[in-house]
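Asks: Got data_18.cif for you, mmCIF, C-alpha atoms and all ligand atoms:
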```
data_query
loop_
_atom_site.group_PDB
_atom_site.id
_atom_site.type_symbol
_atom_site.label_atom_id
_atom_site.label_comp_id
_atom_site.auth_asym_id
_atom_site.auth_seq_id
_atom_site.Cartn_x
_atom_site.Cartn_y
_atom_site.Cartn_z
ATOM 1 C CA MET A 1499 -7.405 21.177 -40.052
ATOM 2 C CA ASN A 1500 -8.106 22.281 -36.487
ATOM 3 C CA GLU A 1501 -5.323 21.582 -34.018
ATOM 4 C CA ILE A 1502 -6.203 19.538 -30.966
ATOM 5 C CA HIS A 1503 -5.072 21.282 -27.781
ATOM 6 C CA LEU A 1504 -4.327 18.947 -24.897
ATOM 7 C CA PRO A 1505 -2.847 19.819 -21.491
ATOM 8 C CA ALA A 1506 0.948 19.541 -21.348
ATOM 9 C CA HIS A 1507 0.731 16.337 -19.259
ATOM 10 C CA ALA A 1508 -1.707 14.544 -21.641
ATOM 11 C CA GLY A 1509 -0.399 11.202 -22.827
ATOM 12 C CA SER A 1510 2.230 10.961 -20.049
ATOM 13 C CA LYS A 1511 2.460 7.468 -18.682
ATOM 14 C CA VAL A 1512 1.318 6.904 -15.122
ATOM 15 C CA PRO A 1513 0.960 3.432 -13.627
ATOM 16 C CA ARG A 1514 -2.254 1.681 -14.803
ATOM 17 C CA TRP A 1515 -3.272 0.952 -11.205
ATOM 18 C CA HIS A 1516 -4.340 4.582 -10.778
ATOM 19 C CA PHE A 1517 -7.393 3.832 -12.909
ATOM 20 C CA THR A 1518 -8.350 0.560 -11.245
ATOM 21 C CA MET A 1519 -7.789 2.177 -7.845
ATOM 22 C CA MET A 1520 -10.110 5.090 -8.618
ATOM 23 C CA ARG A 1521 -12.724 2.652 -9.938
ATOM 24 C CA ASP A 1522 -12.541 0.427 -6.834
ATOM 25 C CA SER A 1523 -15.973 1.285 -5.513
ATOM 26 C CA ALA A 1524 -15.530 -0.593 -2.215
ATOM 27 C CA ARG A 1525 -12.350 1.399 -1.495
ATOM 28 C CA ASN A 1526 -13.980 4.694 -2.474
ATOM 29 C CA ALA A 1527 -17.121 3.998 -0.437
ATOM 30 C CA ALA A 1528 -15.079 3.168 2.678
ATOM 31 C CA ILE A 1529 -13.009 6.340 2.299
ATOM 32 C CA GLU A 1530 -16.103 8.470 1.748
ATOM 33 C CA GLY A 1531 -17.866 6.792 4.691
ATOM 34 C CA ALA A 1532 -14.893 7.470 6.954
ATOM 35 C CA ILE A 1533 -14.659 11.117 5.890
ATOM 36 C CA ALA A 1534 -18.430 11.628 6.177
ATOM 37 C CA SER A 1535 -18.515 10.165 9.673
ATOM 38 C CA CYS A 1536 -15.625 11.990 11.292
ATOM 39 C CA ASN A 1537 -16.994 15.541 11.349
ATOM 40 C CA VAL A 1538 -14.485 17.319 9.153
ATOM 41 C CA LYS A 1539 -16.463 20.593 9.144
ATOM 42 C CA GLY A 1540 -14.096 23.524 9.545
ATOM 43 C CA LYS A 1541 -11.068 21.248 9.896
ATOM 44 C CA ILE A 1542 -7.574 21.621 8.465
ATOM 45 C CA VAL A 1543 -6.566 18.501 6.552
ATOM 46 C CA VAL A 1544 -3.188 17.389 5.236
ATOM 47 C CA GLU A 1545 -3.168 14.688 2.613
ATOM 48 C CA ILE A 1546 -0.076 12.774 1.499
ATOM 49 C CA GLY A 1547 -0.517 11.497 -2.064
ATOM 50 C CA THR A 1548 -3.170 13.470 -3.998
ATOM 51 C CA GLY A 1549 -3.568 11.192 -7.006
ATOM 52 C CA ALA A 1550 -6.465 12.610 -9.023
ATOM 53 C CA GLY A 1551 -7.704 14.490 -5.950
ATOM 54 C CA LEU A 1552 -10.563 12.159 -5.020
ATOM 55 C CA ALA A 1553 -9.963 12.047 -1.264
ATOM 56 C CA ALA A 1554 -9.090 15.757 -1.122
ATOM 57 C CA MET A 1555 -12.376 16.623 -2.850
ATOM 58 C CA LEU A 1556 -14.314 14.360 -0.480
ATOM 59 C CA PHE A 1557 -12.845 16.261 2.473
ATOM 60 C CA ALA A 1558 -13.933 19.509 0.830
ATOM 61 C CA ARG A 1559 -17.400 18.080 0.119
ATOM 62 C CA TYR A 1560 -17.896 17.235 3.786
ATOM 63 C CA GLY A 1561 -16.883 20.703 4.911
ATOM 64 C CA ALA A 1562 -13.118 20.774 5.565
ATOM 65 C CA ARG A 1563 -11.959 24.382 5.790
ATOM 66 C CA ARG A 1564 -8.662 23.773 3.980
ATOM 67 C CA VAL A 1565 -7.039 20.711 2.455
ATOM 68 C CA PHE A 1566 -3.298 20.775 1.793
ATOM 69 C CA SER A 1567 -2.480 17.819 -0.414
ATOM 70 C CA CYS A 1568 0.997 16.943 -1.650
ATOM 71 C CA GLU A 1569 1.727 14.807 -4.690
ATOM 72 C CA MET A 1570 5.269 13.848 -5.597
ATOM 73 C CA ASP A 1571 4.534 13.112 -9.259
ATOM 74 C CA GLU A 1572 4.427 16.521 -10.929
ATOM 75 C CA ARG A 1573 2.275 15.381 -13.869
ATOM 76 C CA ILE A 1574 -0.287 13.903 -11.496
ATOM 77 C CA ALA A 1575 -0.233 17.028 -9.321
ATOM 78 C CA ASP A 1576 -0.894 19.184 -12.403
ATOM 79 C CA ALA A 1577 -3.789 16.953 -13.463
ATOM 80 C CA ALA A 1578 -5.228 17.008 -9.906
ATOM 81 C CA ARG A 1579 -5.171 20.814 -9.899
ATOM 82 C CA ASP A 1580 -7.110 20.853 -13.194
ATOM 83 C CA ILE A 1581 -9.625 18.318 -11.871
ATOM 84 C CA ILE A 1582 -10.102 20.231 -8.625
ATOM 85 C CA ARG A 1583 -10.614 23.460 -10.583
ATOM 86 C CA ALA A 1584 -13.118 21.727 -12.877
ATOM 87 C CA ASN A 1585 -15.007 20.685 -9.732
ATOM 88 C CA GLU A 1586 -14.808 24.278 -8.404
ATOM 89 C CA LEU A 1587 -12.985 23.323 -5.226
ATOM 90 C CA GLN A 1588 -9.729 25.189 -5.861
ATOM 91 C CA ASP A 1589 -10.468 27.720 -3.094
ATOM 92 C CA ARG A 1590 -10.359 25.021 -0.448
ATOM 93 C CA ILE A 1591 -7.777 22.565 -1.779
ATOM 94 C CA THR A 1592 -4.122 23.391 -2.341
ATOM 95 C CA VAL A 1593 -2.155 20.813 -4.305
ATOM 96 C CA ILE A 1594 1.570 20.918 -3.571
ATOM 97 C CA SER A 1595 3.634 19.331 -6.299
ATOM 98 C CA LYS A 1596 6.253 17.815 -3.975
ATOM 99 C CA SER A 1597 6.890 14.717 -1.924
ATOM 100 C CA SER A 1598 5.703 14.938 1.680
ATOM 101 C CA ARG A 1599 9.378 15.111 2.758
ATOM 102 C CA GLU A 1600 10.045 18.129 0.511
ATOM 103 C CA ALA A 1601 6.757 19.815 1.362
ATOM 104 C CA ILE A 1602 7.511 19.579 5.095
ATOM 105 C CA ARG A 1603 11.094 20.762 4.580
ATOM 106 C CA ASP A 1604 9.830 23.781 2.606
ATOM 107 C CA GLY A 1605 7.112 24.616 5.151
ATOM 108 C CA ASP A 1606 4.272 23.993 2.657
ATOM 109 C CA LEU A 1607 2.259 21.789 5.014
ATOM 110 C CA PRO A 1608 0.730 23.110 8.228
ATOM 111 C CA SER A 1609 1.970 21.439 11.394
ATOM 112 C CA THR A 1610 -0.513 19.946 13.852
ATOM 113 C CA PRO A 1611 -3.382 19.768 11.336
ATOM 114 C CA ASP A 1612 -6.693 18.356 12.569
ATOM 115 C CA ILE A 1613 -6.479 15.382 10.199
ATOM 116 C CA ILE A 1614 -3.724 13.683 8.209
ATOM 117 C CA PHE A 1615 -4.974 11.362 5.485
ATOM 118 C CA THR A 1616 -2.966 9.050 3.276
ATOM 119 C CA GLU A 1617 -3.849 6.173 1.005
ATOM 120 C CA THR A 1618 -0.425 5.140 -0.158
ATOM 121 C CA LEU A 1619 -0.706 1.394 0.329
ATOM 122 C CA ASP A 1620 0.568 -1.172 -2.133
ATOM 123 C CA ALA A 1621 -0.217 -4.900 -2.105
ATOM 124 C CA GLY A 1622 2.362 -5.546 0.610
ATOM 125 C CA VAL A 1623 1.616 -2.266 2.492
ATOM 126 C CA VAL A 1624 5.129 -0.779 2.650
ATOM 127 C CA GLY A 1625 6.217 -0.577 -1.008
ATOM 128 C CA GLU A 1626 4.901 2.896 -1.773
ATOM 129 C CA GLY A 1627 7.118 4.483 0.866
ATOM 130 C CA TYR A 1628 5.355 3.600 4.127
ATOM 131 C CA GLU A 1629 8.415 4.223 6.310
ATOM 132 C CA THR A 1630 9.119 7.718 4.934
ATOM 133 C CA ILE A 1631 5.451 8.667 4.977
ATOM 134 C CA ALA A 1632 5.098 7.486 8.587
ATOM 135 C CA GLU A 1633 8.154 9.586 9.590
ATOM 136 C CA ASP A 1634 6.653 12.579 7.779
ATOM 137 C CA ILE A 1635 3.301 12.109 9.500
ATOM 138 C CA ARG A 1636 5.011 11.976 12.911
ATOM 139 C CA GLN A 1637 6.898 15.141 12.023
ATOM 140 C CA ILE A 1638 3.735 17.240 11.592
ATOM 141 C CA ALA A 1639 1.129 15.437 13.739
ATOM 142 C CA GLY A 1640 0.116 17.092 17.008
ATOM 143 C CA PRO A 1641 -1.331 15.363 20.070
ATOM 144 C CA THR A 1642 -4.899 15.721 18.781
ATOM 145 C CA THR A 1643 -4.258 15.083 15.084
ATOM 146 C CA VAL A 1644 -6.381 12.244 13.719
ATOM 147 C CA VAL A 1645 -4.475 10.006 11.304
ATOM 148 C CA MET A 1646 -6.416 8.152 8.624
ATOM 149 C CA PRO A 1647 -6.016 5.185 8.381
ATOM 150 C CA ASP A 1648 -5.558 4.741 12.120
ATOM 151 C CA ARG A 1649 -4.150 1.227 11.626
ATOM 152 C CA VAL A 1650 -3.354 -1.278 8.938
ATOM 153 C CA GLN A 1651 -3.366 -4.959 9.730
ATOM 154 C CA GLN A 1652 -1.471 -7.336 7.450
ATOM 155 C CA PHE A 1653 -2.387 -11.026 7.398
ATOM 156 C CA GLY A 1654 -0.337 -13.882 5.999
ATOM 157 C CA PHE A 1655 -0.325 -17.638 5.506
ATOM 158 C CA LEU A 1656 2.357 -20.073 4.385
ATOM 159 C CA CYS A 1657 1.588 -21.634 1.072
ATOM 160 C CA THR A 1658 2.549 -23.834 -1.809
ATOM 161 C CA ASP A 1659 2.406 -21.597 -4.883
ATOM 162 C CA VAL A 1660 4.511 -22.933 -7.731
ATOM 163 C CA GLN A 1661 3.223 -20.299 -10.147
ATOM 164 C CA ALA A 1662 4.217 -17.392 -7.901
ATOM 165 C CA PHE A 1663 7.591 -18.963 -7.075
ATOM 166 C CA GLU A 1664 8.321 -19.510 -10.767
ATOM 167 C CA LYS A 1665 7.641 -15.840 -11.489
ATOM 168 C CA ASN A 1666 10.725 -15.023 -9.459
ATOM 169 C CA SER A 1667 13.277 -17.766 -10.107
ATOM 170 C CA VAL A 1668 14.936 -19.746 -12.894
ATOM 171 C CA PHE A 1669 17.115 -22.881 -12.780
ATOM 172 C CA ASN A 1670 17.839 -25.279 -15.679
ATOM 173 C CA GLN A 1671 16.595 -24.420 -19.152
ATOM 174 C CA CYS A 1672 17.708 -26.154 -22.391
ATOM 175 C CA GLY A 1673 20.297 -28.012 -20.353
ATOM 176 C CA PHE A 1674 21.912 -24.800 -19.055
ATOM 177 C CA ASP A 1675 22.145 -23.692 -15.456
ATOM 178 C CA LEU A 1676 20.612 -20.175 -15.428
ATOM 179 C CA SER A 1677 20.392 -19.911 -11.657
ATOM 180 C CA GLY A 1678 22.943 -17.065 -11.651
ATOM 181 C CA PHE A 1679 20.090 -14.844 -12.817
ATOM 182 C CA ASN A 1680 18.360 -15.368 -9.476
ATOM 183 C CA LEU A 1681 20.445 -12.527 -8.076
ATOM 184 C CA PHE A 1682 17.736 -10.319 -9.625
ATOM 185 C CA ALA A 1683 14.937 -12.181 -7.837
ATOM 186 C CA GLU A 1684 12.651 -10.089 -5.643
ATOM 187 C CA ARG A 1685 13.588 -10.746 -2.015
ATOM 188 C CA SER A 1686 10.743 -9.076 -0.166
ATOM 189 C CA TYR A 1687 7.438 -9.441 -2.055
ATOM 190 C CA PHE A 1688 5.688 -8.874 -5.332
ATOM 191 C CA PRO A 1689 2.025 -8.653 -6.317
ATOM 192 C CA VAL A 1690 0.207 -11.754 -7.563
ATOM 193 C CA SER A 1691 -3.209 -11.850 -9.150
ATOM 194 C CA GLN A 1692 -5.807 -13.398 -6.859
ATOM 195 C CA ALA A 1693 -7.753 -14.511 -9.949
ATOM 196 C CA GLN A 1694 -4.805 -16.374 -11.459
ATOM 197 C CA HIS A 1695 -3.342 -17.897 -8.302
ATOM 198 C CA ASP A 1696 -4.692 -20.626 -6.154
ATOM 199 C CA PRO A 1697 -2.179 -20.982 -3.326
ATOM 200 C CA VAL A 1698 -2.452 -24.117 -1.190
ATOM 201 C CA TYR A 1699 -2.616 -23.112 2.478
ATOM 202 C CA LEU A 1700 -0.009 -24.821 4.659
ATOM 203 C CA SER A 1701 -0.723 -22.818 7.829
ATOM 204 C CA PRO A 1702 -3.588 -20.938 9.395
ATOM 205 C CA THR A 1703 -3.826 -17.238 8.557
ATOM 206 C CA PHE A 1704 -2.027 -15.111 11.162
ATOM 207 C CA VAL A 1705 -1.494 -11.402 11.752
ATOM 208 C CA PHE A 1706 1.887 -10.766 10.182
ATOM 209 C CA ARG A 1707 2.215 -7.115 11.202
ATOM 210 C CA ASN A 1708 0.210 -4.216 12.659
ATOM 211 C CA TYR A 1709 1.047 -0.812 11.217
ATOM 212 C CA ASP A 1710 0.371 2.472 12.967
ATOM 213 C CA TYR A 1711 1.794 5.598 11.317
ATOM 214 C CA LEU A 1712 2.263 7.225 14.725
ATOM 215 C CA ASN A 1713 4.174 4.316 16.226
ATOM 216 C CA PRO A 1714 7.767 3.898 14.951
ATOM 217 C CA SER A 1715 8.021 0.418 16.445
ATOM 218 C CA SER A 1716 5.430 -0.772 13.883
ATOM 219 C CA LEU A 1717 8.353 -1.585 11.604
ATOM 220 C CA LYS A 1718 10.504 -3.521 14.041
ATOM 221 C CA PRO A 1719 11.324 -7.124 13.040
ATOM 222 C CA VAL A 1720 8.522 -9.583 13.723
ATOM 223 C CA LYS A 1721 8.804 -13.219 14.756
ATOM 224 C CA HIS A 1722 5.903 -15.663 14.621
ATOM 225 C CA HIS A 1723 5.550 -19.170 15.927
ATOM 226 C CA ILE A 1724 3.601 -21.120 13.339
ATOM 227 C CA ILE A 1725 2.260 -24.655 13.381
ATOM 228 C CA ALA A 1726 1.761 -26.022 9.870
ATOM 229 C CA HIS A 1727 -1.657 -27.579 9.365
ATOM 230 C CA SER A 1728 -0.788 -29.332 6.088
ATOM 231 C CA SER A 1729 2.296 -30.918 4.616
ATOM 232 C CA GLY A 1730 3.764 -29.638 1.382
ATOM 233 C CA LEU A 1731 6.503 -27.638 -0.249
ATOM 234 C CA CYS A 1732 6.397 -24.083 1.114
ATOM 235 C CA HIS A 1733 7.275 -21.437 -1.465
ATOM 236 C CA GLY A 1734 6.538 -18.453 0.729
ATOM 237 C CA MET A 1735 3.814 -16.434 2.357
ATOM 238 C CA THR A 1736 0.808 -14.795 0.736
ATOM 239 C CA SER A 1737 -0.402 -11.625 2.454
ATOM 240 C CA TYR A 1738 -3.264 -9.149 2.261
ATOM 241 C CA PHE A 1739 -4.232 -6.172 4.428
ATOM 242 C CA ASN A 1740 -7.140 -4.433 6.107
ATOM 243 C CA ALA A 1741 -6.721 -0.667 6.476
ATOM 244 C CA HIS A 1742 -8.957 0.749 9.208
ATOM 245 C CA PHE A 1743 -10.339 4.225 8.642
ATOM 246 C CA GLY A 1744 -12.231 4.448 11.934
ATOM 247 C CA LYS A 1745 -15.008 1.893 11.583
ATOM 248 C CA PHE A 1746 -14.612 1.727 7.798
ATOM 249 C CA LEU A 1747 -12.453 -0.941 6.273
ATOM 250 C CA VAL A 1748 -10.426 -0.839 3.072
ATOM 251 C CA THR A 1749 -9.202 -4.313 2.221
ATOM 252 C CA SER A 1750 -6.928 -5.860 -0.383
ATOM 253 C CA ARG A 1751 -8.568 -9.213 0.257
ATOM 254 C CA GLY A 1752 -10.699 -10.847 -2.407
ATOM 255 C CA ARG A 1753 -10.876 -10.744 -6.153
ATOM 256 C CA ARG A 1754 -12.991 -7.595 -6.294
ATOM 257 C CA SER A 1755 -10.287 -5.429 -4.731
ATOM 258 C CA HIS A 1756 -8.058 -3.604 -7.220
ATOM 259 C CA TRP A 1757 -5.099 -4.554 -5.022
ATOM 260 C CA LEU A 1758 -3.399 -7.806 -5.817
ATOM 261 C CA ALA A 1759 -2.241 -10.152 -3.069
ATOM 262 C CA ALA A 1760 1.427 -9.933 -2.054
ATOM 263 C CA PHE A 1761 3.638 -12.994 -2.384
ATOM 264 C CA HIS A 1762 6.678 -13.060 -0.081
ATOM 265 C CA PRO A 1763 9.001 -15.721 -1.516
ATOM 266 C CA LEU A 1764 11.331 -17.894 0.511
ATOM 267 C CA GLN A 1765 14.818 -17.879 -0.914
ATOM 268 C CA GLU A 1766 14.478 -21.633 -1.399
ATOM 269 C CA ALA A 1767 11.320 -23.703 -1.294
ATOM 270 C CA MET A 1768 11.164 -25.625 1.996
ATOM 271 C CA PRO A 1769 9.198 -28.793 2.806
ATOM 272 C CA VAL A 1770 6.889 -28.302 5.788
ATOM 273 C CA GLU A 1771 5.089 -30.990 7.719
ATOM 274 C CA SER A 1772 1.652 -30.896 9.237
ATOM 275 C CA GLY A 1773 1.840 -30.434 13.035
ATOM 276 C CA ARG A 1774 5.467 -29.251 13.030
ATOM 277 C CA HIS A 1775 6.504 -25.907 14.505
ATOM 278 C CA TYR A 1776 8.222 -23.147 12.545
ATOM 279 C CA ALA A 1777 9.626 -19.705 13.295
ATOM 280 C CA LEU A 1778 8.798 -17.094 10.693
ATOM 281 C CA ARG A 1779 10.751 -13.852 10.799
ATOM 282 C CA GLY A 1780 9.836 -10.742 8.862
ATOM 283 C CA ASP A 1781 11.674 -7.469 8.360
ATOM 284 C CA LYS A 1782 10.287 -4.016 7.579
ATOM 285 C CA THR A 1783 10.560 -4.570 3.811
ATOM 286 C CA GLY A 1784 8.293 -7.635 3.969
ATOM 287 C CA LEU A 1785 11.199 -10.075 3.513
ATOM 288 C CA ILE A 1786 10.569 -13.356 5.334
ATOM 289 C CA ARG A 1787 12.675 -16.273 6.606
ATOM 290 C CA LEU A 1788 11.294 -19.611 7.776
ATOM 291 C CA LEU A 1789 13.098 -21.948 10.190
ATOM 292 C CA SER A 1790 12.046 -25.272 11.691
ATOM 293 C CA ILE A 1791 12.049 -25.277 15.493
HETATM 294 C C1 LIG B 1801 -2.578 5.213 -4.074
HETATM 295 S S1 LIG B 1801 -2.610 6.856 -4.753
HETATM 296 C C2 LIG B 1801 -3.952 7.546 -3.847
HETATM 297 C C3 LIG B 1801 -4.532 8.819 -4.418
HETATM 298 C C4 LIG B 1801 -5.694 9.441 -3.653
HETATM 299 N N1 LIG B 1801 -5.308 9.785 -2.299
HETATM 300 C C5 LIG B 1801 -6.895 8.529 -3.610
HETATM 301 O O1 LIG B 1801 -7.119 7.914 -2.550
HETATM 302 O O2 LIG B 1801 -7.611 8.386 -4.605
HETATM 303 C C6 LIG B 1801 -1.175 7.497 -3.961
HETATM 304 C C7 LIG B 1801 -0.517 8.705 -4.606
HETATM 305 O O3 LIG B 1801 0.437 9.163 -3.640
HETATM 306 C C8 LIG B 1801 1.595 9.628 -4.288
HETATM 307 N N2 LIG B 1801 2.654 9.546 -3.263
HETATM 308 C C9 LIG B 1801 3.209 8.421 -2.734
HETATM 309 N N3 LIG B 1801 4.083 8.743 -1.761
HETATM 310 C C10 LIG B 1801 4.084 10.102 -1.656
HETATM 311 C C11 LIG B 1801 4.770 11.025 -0.836
HETATM 312 N N4 LIG B 1801 5.627 10.628 0.106
HETATM 313 N N5 LIG B 1801 4.535 12.344 -1.022
HETATM 314 C C12 LIG B 1801 3.651 12.771 -1.950
HETATM 315 N N6 LIG B 1801 2.973 11.944 -2.775
HETATM 316 C C13 LIG B 1801 3.177 10.619 -2.621
HETATM 317 C C14 LIG B 1801 1.746 8.733 -5.512
HETATM 318 O O4 LIG B 1801 2.460 9.388 -6.545
HETATM 319 C C15 LIG B 1801 0.267 8.476 -5.879
HETATM 320 O O5 LIG B 1801 -0.183 9.389 -6.856
#
```
Kindly transcribe the structure held in the file into structure tokens.
Replies:
Amino acid sequence: MNEIHLPAHAGSKVPRWHFTMMRDSARNAAIEGAIASCNVKGKIVVEIGTGAGLAAMLFARYGARRVFSCEMDERIADAARDIIRANELQDRITVISKSSREAIRDGDLPSTPDIIFTETLDAGVVGEGYETIAEDIRQIAGPTTVVMPDRVQQFGFLCTDVQAFEKNSVFNQCGFDLSGFNLFAERSYFPVSQAQHDPVYLSPTFVFRNYDYLNPSSLKPVKHHIIAHSSGLCHGMTSYFNAHFGKFLVTSRGRRSHWLAAFHPLQEAMPVESGRHYALRGDKTGLIRLLSI
């Protein structure tokens, strides 16, 4: 019987979202539109987070002179190199099998490139290492470097969402108090399916945070003054984001996006009253606190 020869990394487990992400045609079209419209001809590009190499190959397609792309997962970096070779773009794209932090430390990434691109956003923006990546971008960006995305806006609303809350807490079961297990509850946020959740809005939607990779104060604590527009038991905040790549928008909003919504639980559900004022505080991890004022 003939032996089947597969690459060394075949069959390795990578998170399933890689596939849904690469098949998210709205995301891909916005990224391609942004790259096509920003005159990358002859430019030096640094990418943080190669994945399968899609964005790197788009930069090459639109004429970038060199793309240096780092990928911290070695198996994914190996696969990206094979894919880039299969697409005959290996002369213009270098995949560095390191985290951006290591690649900068080892001098593998050029400083002051023309463009720095990253699409390392999770449902709640910061969970894939936003803070480190932003520090790394600031380390190599020059005064004329264009960063893509140029800003990410995160929106939130207070909500009743029993289903989401119950995914993260336990109390009495079979007559036993299991609440001690709540020490493992997620404090900041976790993804929730927009198809399976129907949160009841208790407040208008507000801008929770504006992120700018070049601005370190993007991660400072935020405080919002919120007036509830409905009464109900508040379990937390649901958030989604818009990432701006110039005039092109990548959004986690809506059921067609591969991103899920983020649910930021309150430590304890809190009754809110229509017309009453609340202070909502948020830290850089997405953890929220709600106080009546
Ligand atoms: C969301 S995927 C995007 C892939 C590709 N840029 C695209 O748009 O199709 C992000 C990738 O970045 C990698 N990654 C995340 N943080 C990184 C870092 N600091 N340095 C290098 N790679 C990173 C992850 O392993 C993942 O493969």
Asks: Selection in question (the file shown): the PyMOL selection byres (((chain A and resi 1634-1638) around 10) and not hetatm). Which residues does it include, as a ChimeraX atom specification?
Replies: /A:1544-1546,1597-1603,1607-1611,1614-1616,1628-1633,1639-1640,1643,1645,1711-1714
Asks: In Å to one decimal, how far is CA of Thr1749 in chain A from CA of Ser1523 in chain A?
Replies: 11.7 Å
Asks: Could you check which of A:Ile1724, A:Leu1552, A:Ile1533, A:Ala1693 is closest to Met1646 in chain A, using only C-alpha atoms?
Replies: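 Nearest to Met1646 in chain A: A:Ile1533.
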Asks: How would you write, as an NGL selection string, the set of residues no farther than 6 Å from ligand LIG 1801 (chain B) when counting all atoms listed in the file?
Replies: :A and (1520 or 1546-1549 or 1551-1553 or 1568-1571 or 1597-1598 or 1617-1618 or 1626-1627 or 1631)
Asks: I would like the residues chosen by the PyMOL selection byres (((chain A and resi 1760-1766) around 6) and not hetatm) on the shown file; could you give them as a PDB file with C-alpha atoms, in the frame of the given file?
Replies:
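This went into part.pdb:
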```
ATOM      1  CA  ALA A1621      -0.217  -4.900  -2.105  1.00  0.00           C
ATOM      2  CA  GLY A1622       2.362  -5.546   0.610  1.00  0.00           C
ATOM      3  CA  SER A1686      10.743  -9.076  -0.166  1.00  0.00           C
ATOM      4  CA  TYR A1687       7.438  -9.441  -2.055  1.00  0.00           C
ATOM      5  CA  PHE A1688       5.688  -8.874  -5.332  1.00  0.00           C
ATOM      6  CA  PRO A1689       2.025  -8.653  -6.317  1.00  0.00           C
ATOM      7  CA  VAL A1690       0.207 -11.754  -7.563  1.00  0.00           C
ATOM      8  CA  HIS A1733       7.275 -21.437  -1.465  1.00  0.00           C
ATOM      9  CA  GLY A1734       6.538 -18.453   0.729  1.00  0.00           C
ATOM     10  CA  MET A1735       3.814 -16.434   2.357  1.00  0.00           C
ATOM     11  CA  THR A1736       0.808 -14.795   0.736  1.00  0.00           C
ATOM     12  CA  SER A1737      -0.402 -11.625   2.454  1.00  0.00           C
ATOM     13  CA  ALA A1759      -2.241 -10.152  -3.069  1.00  0.00           C
ATOM     14  CA  ALA A1767      11.320 -23.703  -1.294  1.00  0.00           C
TER      15      ALA A1767
END
```
Asks: Just the number, please: distance in Å from CA of Ala1741 in chain A to CA of Gln1651 in chain A, one decimal.
Replies: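 A separation of 6.3 Å between them.
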Asks: CA of Pro1769 in chain A to CA of Ile1786 in chain A: how many Å, to one decimal?
Replies: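 So the two atoms, CA of Pro1769 in chain A and CA of Ile1786 in chain A, lie 15.7 Å apart.
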Asks: Find the residues near Met1555 in chain A: any atom within 9 Å, counting all atoms listed in the file, skip ones fewer than 2 places away on the same chain, and give them as a CSV table (one decimal) with C-alpha atoms, in the coordinates of the input.
Replies:
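Dumped to result.csv:
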```csv
chain,number,residue,atom,x,y,z
A,1551,GLY,CA,-7.7,14.5,-6.0
A,1552,LEU,CA,-10.6,12.2,-5.0
A,1553,ALA,CA,-10.0,12.0,-1.3
A,1557,PHE,CA,-12.8,16.3,2.5
A,1558,ALA,CA,-13.9,19.5,0.8
A,1559,ARG,CA,-17.4,18.1,0.1
A,1560,TYR,CA,-17.9,17.2,3.8
A,1565,VAL,CA,-7.0,20.7,2.5
A,1582,ILE,CA,-10.1,20.2,-8.6
A,1585,ASN,CA,-15.0,20.7,-9.7
A,1587,LEU,CA,-13.0,23.3,-5.2
A,1590,ARG,CA,-10.4,25.0,-0.4
A,1591,ILE,CA,-7.8,22.6,-1.8
```
Asks: Which residues are near His1727 in chain A? Cut-off 12 Å, all atoms listed in the file, ignore same chain within fewer than 4 positions. Put them as a VMD selection string.
Replies: chain A and resid 1655 to 1657 1698 to 1703 1770 to 1776
